[in-house]
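input_33.cif follows (mmCIF, C-alpha atoms):
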data_entry
#
loop_
_atom_site.label_atom_id
_atom_site.label_comp_id
_atom_site.auth_asym_id
_atom_site.auth_seq_id
_atom_site.Cartn_x
_atom_site.Cartn_y
_atom_site.Cartn_z
CA MET A 1 0.00 0.00 0.00
CA ARG A 2 1.11 3.58 -0.66
CA LYS A 3 2.39 5.53 2.32
CA ARG A 4 0.82 8.80 3.36
CA GLN A 5 1.58 11.31 6.10
CA LEU A 6 -0.51 13.40 8.47
CA VAL A 7 1.30 16.54 9.61
CA LEU A 8 0.00 18.62 12.52
CA GLU A 9 0.78 22.31 12.97
CA ASP A 10 2.70 21.55 16.19
CA GLY A 11 5.17 19.43 14.20
CA THR A 12 3.75 16.00 15.06
CA ILE A 13 3.91 13.58 12.11
CA PHE A 14 2.00 10.34 11.61
CA ILE A 15 2.89 7.94 8.79
CA GLY A 16 0.16 5.62 7.58
CA GLU A 17 -1.30 3.83 4.58
CA ALA A 18 -3.16 5.71 1.88
CA PHE A 19 -6.75 4.97 0.86
CA GLY A 20 -9.44 7.03 -0.77
CA SER A 21 -8.44 9.90 -3.06
CA ASP A 22 -4.79 10.59 -3.93
CA CYS A 23 -5.17 14.35 -3.47
CA GLU A 24 -3.50 16.43 -0.75
CA SER A 25 -5.88 18.00 1.75
CA ASN A 26 -5.89 20.22 4.80
CA GLY A 27 -8.21 21.26 7.58
CA GLU A 28 -8.86 21.14 11.30
CA VAL A 29 -8.30 17.70 12.87
CA VAL A 30 -11.11 16.51 15.16
CA PHE A 31 -12.07 13.14 16.63
CA ASN A 32 -15.36 11.22 16.83
CA THR A 33 -15.91 8.60 19.54
CA GLY A 34 -18.81 6.71 17.96
CA MET A 35 -18.52 2.93 17.67
CA THR A 36 -20.85 2.88 14.66
CA GLY A 37 -22.19 5.45 12.23
CA TYR A 38 -19.12 6.27 10.15
CA GLN A 39 -21.37 6.78 7.10
CA GLU A 40 -23.45 9.34 8.97
CA VAL A 41 -20.30 11.07 10.27
CA ILE A 42 -18.67 11.31 6.84
CA THR A 43 -21.86 12.74 5.30
CA ASP A 44 -22.70 15.12 8.17
CA PRO A 45 -22.40 18.72 6.82
CA SER A 46 -21.36 19.90 10.30
CA TYR A 47 -17.91 18.40 9.58
CA CYS A 48 -17.41 20.70 6.60
CA GLY A 49 -13.69 21.46 6.11
CA GLN A 50 -12.53 19.13 8.88
CA ILE A 51 -10.29 16.06 8.93
CA VAL A 52 -12.11 13.46 11.01
CA THR A 53 -10.39 10.88 13.22
CA MET A 54 -12.50 7.86 14.11
CA THR A 55 -11.47 6.54 17.53
CA TYR A 56 -13.13 3.15 17.02
CA PRO A 57 -10.33 0.86 15.76
CA ILE A 58 -11.94 -0.51 12.59
CA VAL A 59 -13.97 1.52 10.09
CA GLY A 60 -15.70 0.47 6.88
CA ASN A 61 -16.74 -2.99 8.08
CA TYR A 62 -20.34 -2.66 6.86
CA GLY A 63 -19.55 -0.79 3.68
CA ILE A 64 -21.40 2.18 2.20
CA ASN A 65 -25.15 2.40 1.66
CA ARG A 66 -26.74 5.64 0.44
CA ASP A 67 -29.87 5.08 2.53
CA ASP A 68 -27.76 5.92 5.59
CA PHE A 69 -26.38 9.23 4.34
CA GLU A 70 -27.09 12.52 6.11
CA THR A 71 -26.55 14.62 2.98
CA VAL A 72 -26.05 13.95 -0.72
CA THR A 73 -22.46 15.24 -0.88
CA PRO A 74 -19.88 14.77 1.91
CA PHE A 75 -17.99 17.89 3.03
CA ILE A 76 -15.14 16.44 5.13
CA ASN A 77 -11.57 17.13 4.02
CA GLY A 78 -10.08 13.83 5.15
CA LEU A 79 -10.57 10.66 7.20
CA ILE A 80 -8.14 9.09 9.69
CA VAL A 81 -8.62 5.51 10.94
CA ARG A 82 -6.66 2.84 12.77
CA GLU A 83 -7.77 0.14 10.36
CA VAL A 84 -9.87 0.35 7.21
CA CYS A 85 -11.88 -2.70 6.20
CA ASP A 86 -11.26 -3.69 2.57
CA ALA A 87 -13.85 -6.47 2.45
CA PRO A 88 -17.02 -5.33 4.28
CA SER A 89 -19.76 -7.84 5.01
CA ASN A 90 -23.26 -6.39 4.73
CA PHE A 91 -26.07 -7.32 2.36
CA ARG A 92 -27.04 -3.63 2.09
CA GLN A 93 -23.65 -2.35 0.98
CA GLU A 94 -23.29 -0.72 -2.44
CA GLU A 95 -19.55 -0.03 -2.34
CA ASN A 96 -16.69 0.03 0.15
CA LEU A 97 -15.30 3.03 2.00
CA ASP A 98 -12.22 3.33 -0.20
CA GLN A 99 -14.34 3.52 -3.37
CA PHE A 100 -16.67 6.09 -1.83
CA LEU A 101 -13.86 8.42 -0.75
CA LYS A 102 -12.20 8.13 -4.16
CA ALA A 103 -15.44 9.09 -5.88
CA HIS A 104 -15.73 12.24 -3.77
CA GLY A 105 -12.08 13.32 -3.81
CA ILE A 106 -11.51 12.73 -0.09
CA PRO A 107 -8.13 11.34 1.08
CA GLY A 108 -7.93 8.79 3.87
CA ILE A 109 -5.05 7.56 5.98
CA ALA A 110 -5.08 4.22 7.84
CA GLY A 111 -2.63 2.49 10.16
CA VAL A 112 -2.40 5.61 12.32
CA ASP A 113 -2.23 5.38 16.12
CA SER A 114 -5.62 7.05 16.51
CA ARG A 115 -5.47 6.69 20.30
CA LYS A 116 -2.27 8.74 20.44
CA LEU A 117 -3.67 11.33 18.04
CA THR A 118 -6.85 11.66 20.11
CA LYS A 119 -4.83 12.16 23.31
CA ILE A 120 -2.85 14.94 21.59
CA ILE A 121 -6.05 16.70 20.53
CA ARG A 122 -7.59 16.30 23.99
CA LYS A 123 -4.50 17.85 25.57
CA HIS A 124 -3.74 20.65 23.11
CA GLY A 125 -7.09 21.16 21.38
CA THR A 126 -8.06 20.84 17.74
CA MET A 127 -5.20 21.60 15.36
CA LYS A 128 -4.72 22.47 11.73
CA ALA A 129 -3.18 19.68 9.71
CA ILE A 130 -2.31 18.45 6.22
CA ILE A 131 -2.68 15.00 4.68
CA SER A 132 -0.08 14.44 1.96
CA ASN A 133 2.06 11.82 0.28
CA VAL A 134 5.34 10.95 2.01
CA ASP A 135 7.48 12.32 -0.83
CA VAL A 136 6.55 15.89 0.19
CA SER A 137 8.88 17.55 2.73
CA SER A 138 7.48 17.35 6.26
CA GLU A 139 9.12 20.67 7.16
CA VAL A 140 7.33 22.39 4.30
CA LEU A 141 4.01 20.84 5.33
CA ILE A 142 4.43 21.88 8.98
CA ASP A 143 5.00 25.47 7.88
CA GLN A 144 1.95 25.31 5.61
CA ALA A 145 -0.19 23.90 8.43
CA LYS A 146 0.87 26.69 10.81
CA ASN A 147 -0.10 29.34 8.27
CA LEU A 148 -3.29 27.64 7.11
CA LEU A 149 -6.34 29.94 7.07
CA LEU A 150 -9.48 28.00 7.91
CA SER A 151 -12.65 28.71 5.95
CA THR A 152 -15.35 30.91 7.49
CA ASP A 153 -18.11 30.26 4.93
CA GLN A 154 -18.96 26.65 5.76
CA VAL A 155 -22.68 27.39 6.21
CA LYS A 156 -22.85 28.98 2.76
CA LYS A 157 -21.15 25.88 1.30
CA THR A 158 -23.53 23.40 2.92
CA SER A 159 -26.89 25.22 2.84
CA THR A 160 -29.42 24.74 0.07
CA VAL A 161 -29.26 27.42 -2.62
CA LYS A 162 -33.00 27.52 -3.35
CA PRO A 163 -36.09 26.75 -1.24
CA TYR A 164 -37.80 23.39 -1.71
CA VAL A 165 -40.86 21.70 -0.26
CA VAL A 166 -41.27 18.31 1.39
CA PRO A 167 -45.09 18.01 1.36
CA GLY A 168 -47.20 16.80 4.24
CA ARG A 169 -50.70 17.33 5.66
CA GLY A 170 -49.65 18.45 9.14
CA LYS A 171 -48.04 21.56 10.63
CA ARG A 172 -46.39 24.03 8.25
CA ILE A 173 -42.75 24.07 9.32
CA ILE A 174 -40.08 26.32 7.84
CA MET A 175 -36.70 24.64 8.15
CA VAL A 176 -33.74 27.02 7.84
CA ASP A 177 -30.90 24.98 6.35
CA PHE A 178 -27.53 25.85 7.88
CA GLY A 179 -26.11 22.51 6.74
CA ALA A 180 -28.97 20.26 7.77
CA LYS A 181 -28.81 16.52 8.31
CA HIS A 182 -31.42 14.37 6.60
CA GLY A 183 -32.33 13.06 10.05
CA ILE A 184 -34.19 16.28 10.88
CA LEU A 185 -36.27 15.95 7.73
CA ARG A 186 -36.95 12.30 8.54
CA GLU A 187 -38.28 13.17 12.00
CA LEU A 188 -40.49 16.00 10.76
CA THR A 189 -41.90 14.00 7.82
CA LYS A 190 -42.51 11.06 10.16
CA ARG A 191 -44.86 13.43 11.99
CA ASP A 192 -46.53 14.42 8.69
CA CYS A 193 -45.27 18.02 8.76
CA HIS A 194 -45.43 20.14 5.62
CA ILE A 195 -41.85 21.35 5.38
CA THR A 196 -40.41 24.21 3.38
CA VAL A 197 -36.60 24.17 3.45
CA VAL A 198 -35.04 27.60 2.92
CA PRO A 199 -31.44 28.87 2.58
CA TYR A 200 -29.46 30.08 5.59
CA ASN A 201 -29.76 33.75 4.54
CA TYR A 202 -33.56 33.86 4.14
CA SER A 203 -34.90 37.01 5.78
CA ALA A 204 -37.57 37.17 8.49
CA LYS A 205 -39.86 38.92 6.00
CA GLU A 206 -39.48 36.08 3.47
CA ILE A 207 -40.10 33.46 6.15
CA LEU A 208 -43.19 35.16 7.62
CA ARG A 209 -44.62 35.53 4.11
CA LEU A 210 -44.79 31.70 4.01
CA LYS A 211 -47.09 31.78 7.07
CA PRO A 212 -45.29 29.09 9.08
CA ASP A 213 -46.72 27.32 12.11
CA GLY A 214 -43.19 26.70 13.42
CA LEU A 215 -39.55 27.48 12.64
CA MET A 216 -36.83 24.81 12.69
CA LEU A 217 -33.22 26.02 13.02
CA THR A 218 -30.96 23.19 11.90
CA ASN A 219 -27.45 22.05 12.65
CA GLY A 220 -24.53 23.28 10.58
CA PRO A 221 -20.76 23.79 10.58
CA GLY A 222 -18.48 26.51 11.88
CA ASN A 223 -18.72 29.57 14.10
CA PRO A 224 -22.29 30.83 14.67
CA LYS A 225 -21.02 34.42 14.69
CA HIS A 226 -20.13 33.98 11.01
CA VAL A 227 -23.87 33.85 10.20
CA PRO A 228 -25.03 37.34 11.30
CA GLU A 229 -27.95 37.39 8.87
CA ALA A 230 -29.47 34.38 10.64
CA ILE A 231 -29.08 36.04 14.05
CA GLU A 232 -30.94 39.12 12.82
CA MET A 233 -33.68 36.95 11.28
CA ILE A 234 -34.24 35.10 14.56
CA LYS A 235 -34.50 38.39 16.50
CA VAL A 236 -37.46 39.40 14.31
CA ILE A 237 -39.15 35.97 14.29
CA LEU A 238 -38.86 35.46 18.07
CA GLY A 239 -42.29 35.69 19.67
CA LYS A 240 -44.12 35.52 16.34
CA VAL A 241 -43.52 31.83 15.54
CA PRO A 242 -42.52 28.90 17.81
CA ILE A 243 -38.82 28.02 17.35
CA PHE A 244 -36.83 24.81 17.81
CA GLY A 245 -33.05 24.92 17.33
CA ILE A 246 -30.54 22.08 17.05
CA CYS A 247 -26.73 22.38 17.34
CA LEU A 248 -25.76 25.48 15.32
CA GLY A 249 -29.42 26.51 15.46
CA HIS A 250 -29.15 26.34 19.26
CA GLN A 251 -26.13 28.65 19.27
CA LEU A 252 -27.80 31.10 16.88
CA LEU A 253 -30.92 31.28 19.07
CA ALA A 254 -28.71 32.05 22.07
CA LEU A 255 -26.87 34.82 20.21
CA ALA A 256 -30.16 36.31 19.00
CA CYS A 257 -31.36 36.49 22.62
CA GLY A 258 -28.24 38.31 23.84
CA ALA A 259 -26.14 35.38 25.08
CA ASP A 260 -22.62 34.61 23.86
CA THR A 261 -20.75 31.63 22.40
CA GLU A 262 -17.16 30.41 22.55
CA LYS A 263 -14.93 27.88 20.82
CA MET A 264 -14.29 24.71 22.80
CA THR A 265 -10.86 23.14 23.25
CA PHE A 266 -11.64 20.02 21.23
CA GLY A 267 -15.43 20.03 20.98
CA HIS A 268 -17.97 17.25 21.41
CA ARG A 269 -18.23 14.59 18.72
CA GLY A 270 -19.68 11.13 19.12
CA SER A 271 -22.83 9.23 20.05
CA ASN A 272 -22.20 8.66 23.75
CA HIS A 273 -22.31 12.05 25.50
CA PRO A 274 -24.35 12.15 28.75
CA VAL A 275 -26.65 15.16 29.19
CA LYS A 276 -28.67 15.96 32.30
CA ASP A 277 -32.12 17.53 32.11
CA LEU A 278 -32.39 20.01 34.98
CA LYS A 279 -36.20 19.82 35.02
CA ASN A 280 -36.77 16.09 35.44
CA GLU A 281 -33.30 15.12 36.73
CA ARG A 282 -32.96 12.50 33.99
CA THR A 283 -29.74 11.78 32.13
CA TYR A 284 -29.79 11.08 28.40
CA LEU A 285 -27.17 9.67 26.06
CA THR A 286 -26.80 11.98 23.08
CA SER A 287 -25.10 12.30 19.72
CA GLN A 288 -23.05 15.47 19.32
CA ASN A 289 -20.87 17.27 16.78
CA HIS A 290 -19.82 20.83 17.52
CA SER A 291 -16.77 23.02 18.11
CA TYR A 292 -18.65 25.95 19.67
CA ALA A 293 -20.84 26.20 22.76
CA VAL A 294 -23.06 28.74 24.50
CA LYS A 295 -21.33 30.45 27.45
CA ALA A 296 -23.26 29.54 30.60
CA GLU A 297 -22.51 32.81 32.38
CA SER A 298 -23.80 34.80 29.39
CA LEU A 299 -27.35 33.48 30.00
CA LYS A 300 -27.68 35.41 33.29
CA HIS A 301 -28.77 38.73 31.79
CA THR A 302 -31.04 37.29 29.08
CA ALA A 303 -34.57 35.89 28.97
CA LEU A 304 -33.11 32.42 28.42
CA GLU A 305 -33.37 29.62 30.96
CA LEU A 306 -30.74 26.86 31.21
CA THR A 307 -32.53 23.51 30.85
CA GLN A 308 -29.81 20.91 30.20
CA VAL A 309 -26.08 20.51 30.85
CA ALA A 310 -23.35 18.13 29.69
CA LEU A 311 -22.18 15.88 32.53
CA ASN A 312 -18.65 15.62 31.14
CA ASP A 313 -17.85 19.34 31.33
CA ASN A 314 -21.03 21.17 32.49
CA SER A 315 -21.34 22.99 29.16
CA VAL A 316 -24.74 24.32 28.04
CA GLU A 317 -26.82 21.66 26.28
CA GLY A 318 -30.30 23.13 26.35
CA ILE A 319 -32.04 26.51 26.71
CA ARG A 320 -35.61 27.77 26.70
CA HIS A 321 -36.99 31.30 26.36
CA ARG A 322 -38.89 32.42 29.44
CA ASN A 323 -41.41 34.57 27.56
CA TYR A 324 -41.76 33.12 24.06
CA PRO A 325 -42.28 29.60 22.62
CA ALA A 326 -38.66 28.93 21.71
CA PHE A 327 -36.17 26.31 22.86
CA SER A 328 -33.05 24.59 21.60
CA VAL A 329 -30.53 21.83 22.31
CA GLN A 330 -26.85 21.49 21.50
CA TYR A 331 -27.03 17.75 20.72
CA HIS A 332 -28.85 15.83 17.97
CA PRO A 333 -32.25 14.36 18.94
CA GLU A 334 -32.58 13.16 15.32
CA ALA A 335 -29.35 11.14 15.61
CA SER A 336 -28.85 8.22 13.27
CA PRO A 337 -27.89 5.50 14.03
CA GLY A 338 -28.74 6.80 17.51
CA PRO A 339 -29.10 7.10 20.43
CA GLU A 340 -32.78 8.07 20.32
CA ASP A 341 -33.19 9.05 23.99
CA THR A 342 -34.34 12.58 23.11
CA ASN A 343 -36.28 11.89 19.93
CA ASP A 344 -39.47 13.10 21.61
CA LEU A 345 -38.23 16.70 21.45
CA PHE A 346 -39.80 16.89 18.00
CA ASP A 347 -43.13 16.07 19.65
CA VAL A 348 -42.46 18.76 22.26
CA PHE A 349 -41.87 21.23 19.43
CA LEU A 350 -45.09 20.30 17.64
CA GLN A 351 -47.03 20.51 20.92
CA MET A 352 -45.60 24.01 21.34
CA VAL A 353 -46.79 24.83 17.80
CA GLU A 354 -50.25 23.46 18.64
CA GLU A 355 -50.48 25.56 21.79
CA ALA A 356 -49.43 28.69 19.87
CA GLN A 357 -52.15 28.03 17.28
CA VAL A 358 -54.79 27.65 20.01
CA LYS A 359 -53.61 30.86 21.67
CA ARG A 360 -53.80 32.77 18.38
CA GLY A 361 -57.29 31.44 17.80
CA GLU A 362 -58.41 32.57 21.25
CA GLU A 363 -56.98 36.04 20.62
CA VAL A 364 -58.80 36.31 17.27
CA TYR A 365 -62.19 35.38 18.76
CA ALA A 366 -61.73 37.25 22.07
#

Target format structure tokens, applied to this file:
Amino acid sequence: MRKRQLVLEDGTIFIGEAFGSDCESNGEVVFNTGMTGYQEVITDPSYCGQIVTMTYPIVGNYGINRDDFETVTPFINGLIVREVCDAPSNFRQEENLDQFLKAHGIPGIAGVDSRKLTKIIRKHGTMKAIISNVDVSSEVLIDQAKNLLLSTDQVKKTSTVKPYVVPGRGKRIIMVDFGAKHGILRELTKRDCHITVVPYNYSAKEILRLKPDGLMLTNGPGNPKHVPEAIEMIKVILGKVPIFGICLGHQLLALACGADTEKMTFGHRGSNHPVKDLKNERTYLTSQNHSYAVKAESLKHTALELTQVALNDNSVEGIRHRNYPAFSVQYHPEASPGPEDTNDLFDVFLQMVEEAQVKRGEEVYA
């Protein structure tokens, strides 16, 4: 097998075996702790521009099946694994991981000590890195990694360009696409919602013209402060239409209400993160993928109430507006392949929509 190198900006070098595309690539190195779900991870738009390390030791063992994708086109810049499976065993598979990455121009590197790499990231935080062939000078690559400018337009890259409709006979939901996973659409269509998916930069005026019953703010990649148009839109919509935010949508709702966000040291990525609900004292296992979080102390002087926290680091996992029908969570209740502990949040959202409709009706006939 061809040799390939992973070079971190701090000078650390890993030599491994090449698979996937032959191209050189760069980006921010992150790690995911999920034992399954590599297809969903690779096709999650929230990983746009990142090089993903899978901590589970073997990846690709059940092949690639398009029914499990979270978006049509993957946006990751590279994949790092301990061992890649060349001969997957699954009756549903359509191709193997190597073939899939080749088709989408994504380089992979196997045979890497992913445990060591993860420990480095946990200690020093996410780092810029380059995946390249071994015949390129490591010194040159280290210098390039140090001076690498990371993209700030990931939401623009992953959002839909034009609105489209997923018809249903239930509630009229406007879904603002910041880099949405298919899982959110699956959950809303499962509940027979009539969904109109709009681009990230749709204005409040354009959204209200569609007469929505509820507004869904989806997940997406990058820094929420790089999407100021969405923050302004939410400020106008707040109080007029019930809102449910997930991941990036959660951070944007917080910013729109006067709270603040910050970049985490290495983020949360995986399907095994415990979150405690402060209302019912229950703990849920959640799927997560984010580099930024809402600052807990910034909630004090806003109308937002802290509802859930991460048990690993006490970071903000859920908020609710005290005066308006609006709430959000940092994790993914639509997670595929799971866990599905918090899947009922979509029902909570639709109940909130129902209550808002009843209230409007009472006001009209008062």

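From CA of Thr218 in chain A back to CA of Glu355 in chain A, the distance works out to 22.0 Å.
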
Can you spell out as a list of chain:residue names the set of residues that the PyMOL selection byres ((chain A and resi 336-342) around 8) selects in the structure I just provided? A:Thr36, A:Gly37, A:Glu40, A:Gly183, A:Ser271, A:Asn272, A:Tyr284, A:Leu285, A:Thr286, A:Ser287, A:Pro333, A:Glu334, A:Ala335, A:Asn343, A:Asp344, A:Leu345

Do you know which residues the PyMOL selection byres ((chain A and resi 215) around 12) returns on this file, as a VMD selection string? chain A and resid 171 to 177 188 193 to 198 204 207 to 208 210 to 214 216 to 218 233 to 234 237 to 246 249 253 325 to 328 346 349 to 350 352 to 353

Would you tabulate, counting all atoms listed in the file, all residues of range 254-324 of chain A that have an atom at most 12 Å from an atom of range 48-57 of chain A, showing the closest pair of atoms and their distance in Å to one decimal, sorted by chain then ascending number, as CSV?
residue,atom,partner,partner_atom,distance
A:Arg269,CA,A:Val52,CA,9.9
A:Gly270,CA,A:Met54,CA,9.3
A:Ser271,CA,A:Tyr56,CA,11.8
A:Asn289,CA,A:Val52,CA,11.2
A:His290,CA,A:Cys48,CA,11.2
A:Ser291,CA,A:Gln50,CA,10.9

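Here the question is which of A:Pro224, A:Gly168, A:Gly11, A:Pro274 gets nearest to Val140 in chain A using all atoms listed in the file, and that residue is A:Gly11.
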
Using only C-alpha atoms, determine which residues lie at most 12 Å from Asn26 in chain A, disregarding the query and same-chain residues fewer than 6 positions distant; provide the list as number ranges by chain. A: 5-9, 48-52, 76-79, 106-108, 127-132, 141-142, 144-151

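Selection by the PyMOL selection byres ((chain A and resi 86) around 10) on the present file picks out Phe19, Val59, Gly60, Asn61, Gly63, Glu83, Val84, Cys85, Ala87, Pro88, Ser89, Asn96, Leu97, Asp98 and Gln99 of chain A.
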
Using all atoms listed in the file, collect all residues at a distance of at most 6 Å from (-23.7, -2.5, 2.7) as written in the file, then present them as a list in words. Tyr62, Gly63, Ile64, Asn65, Asn90, Phe91, Arg92, Gln93 and Glu94 of chain A

Of the residues A:Asp44, A:Ala256, A:Ile109, A:Lys276, which is the one nearest to Gly179 in chain A, using all atoms listed in the file? A:Asp44

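Nearest-residue note for Thr302 in chain A: choosing from A:Arg360, A:His273, A:His321, A:Lys156, the minimum distance belongs to A:His321, counting only C-alpha atoms.
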
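What separates CA of Gly267 in chain A from CA of Ser25 in chain A is a distance of 21.6 Å.
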
Two-atom distance - CA of Thr283 in chain A, CA of Thr307 in chain A (Å): 12.1 Å

Please determine, counting only C-alpha atoms, which residue among A:Arg191, A:Lys279, A:His268, A:His250 has the shortest atom-to-atom distance to Ile121 in chain A. A:His268

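Among the candidates A:Ser21, A:Asn312, A:Thr189, A:Asn32, the one nearest to His104 in chain A when counting all atoms listed in the file is A:Ser21.
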
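Closest approach to Ala254 in chain A among A:Glu17, A:Val161, A:Gln330, A:Phe69: A:Gln330, based on only C-alpha atoms.
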
Could you work out an axis-aligned box for range 177-180 of chain A, taking every atom the file lists and adding 8 Å on each side, and report centre and edge lengths in Å to one decimal, as JSON?
{"center_x": -28.5, "center_y": 23.1, "center_z": 7.1, "size_x": 20.8, "size_y": 21.6, "size_z": 17.5}
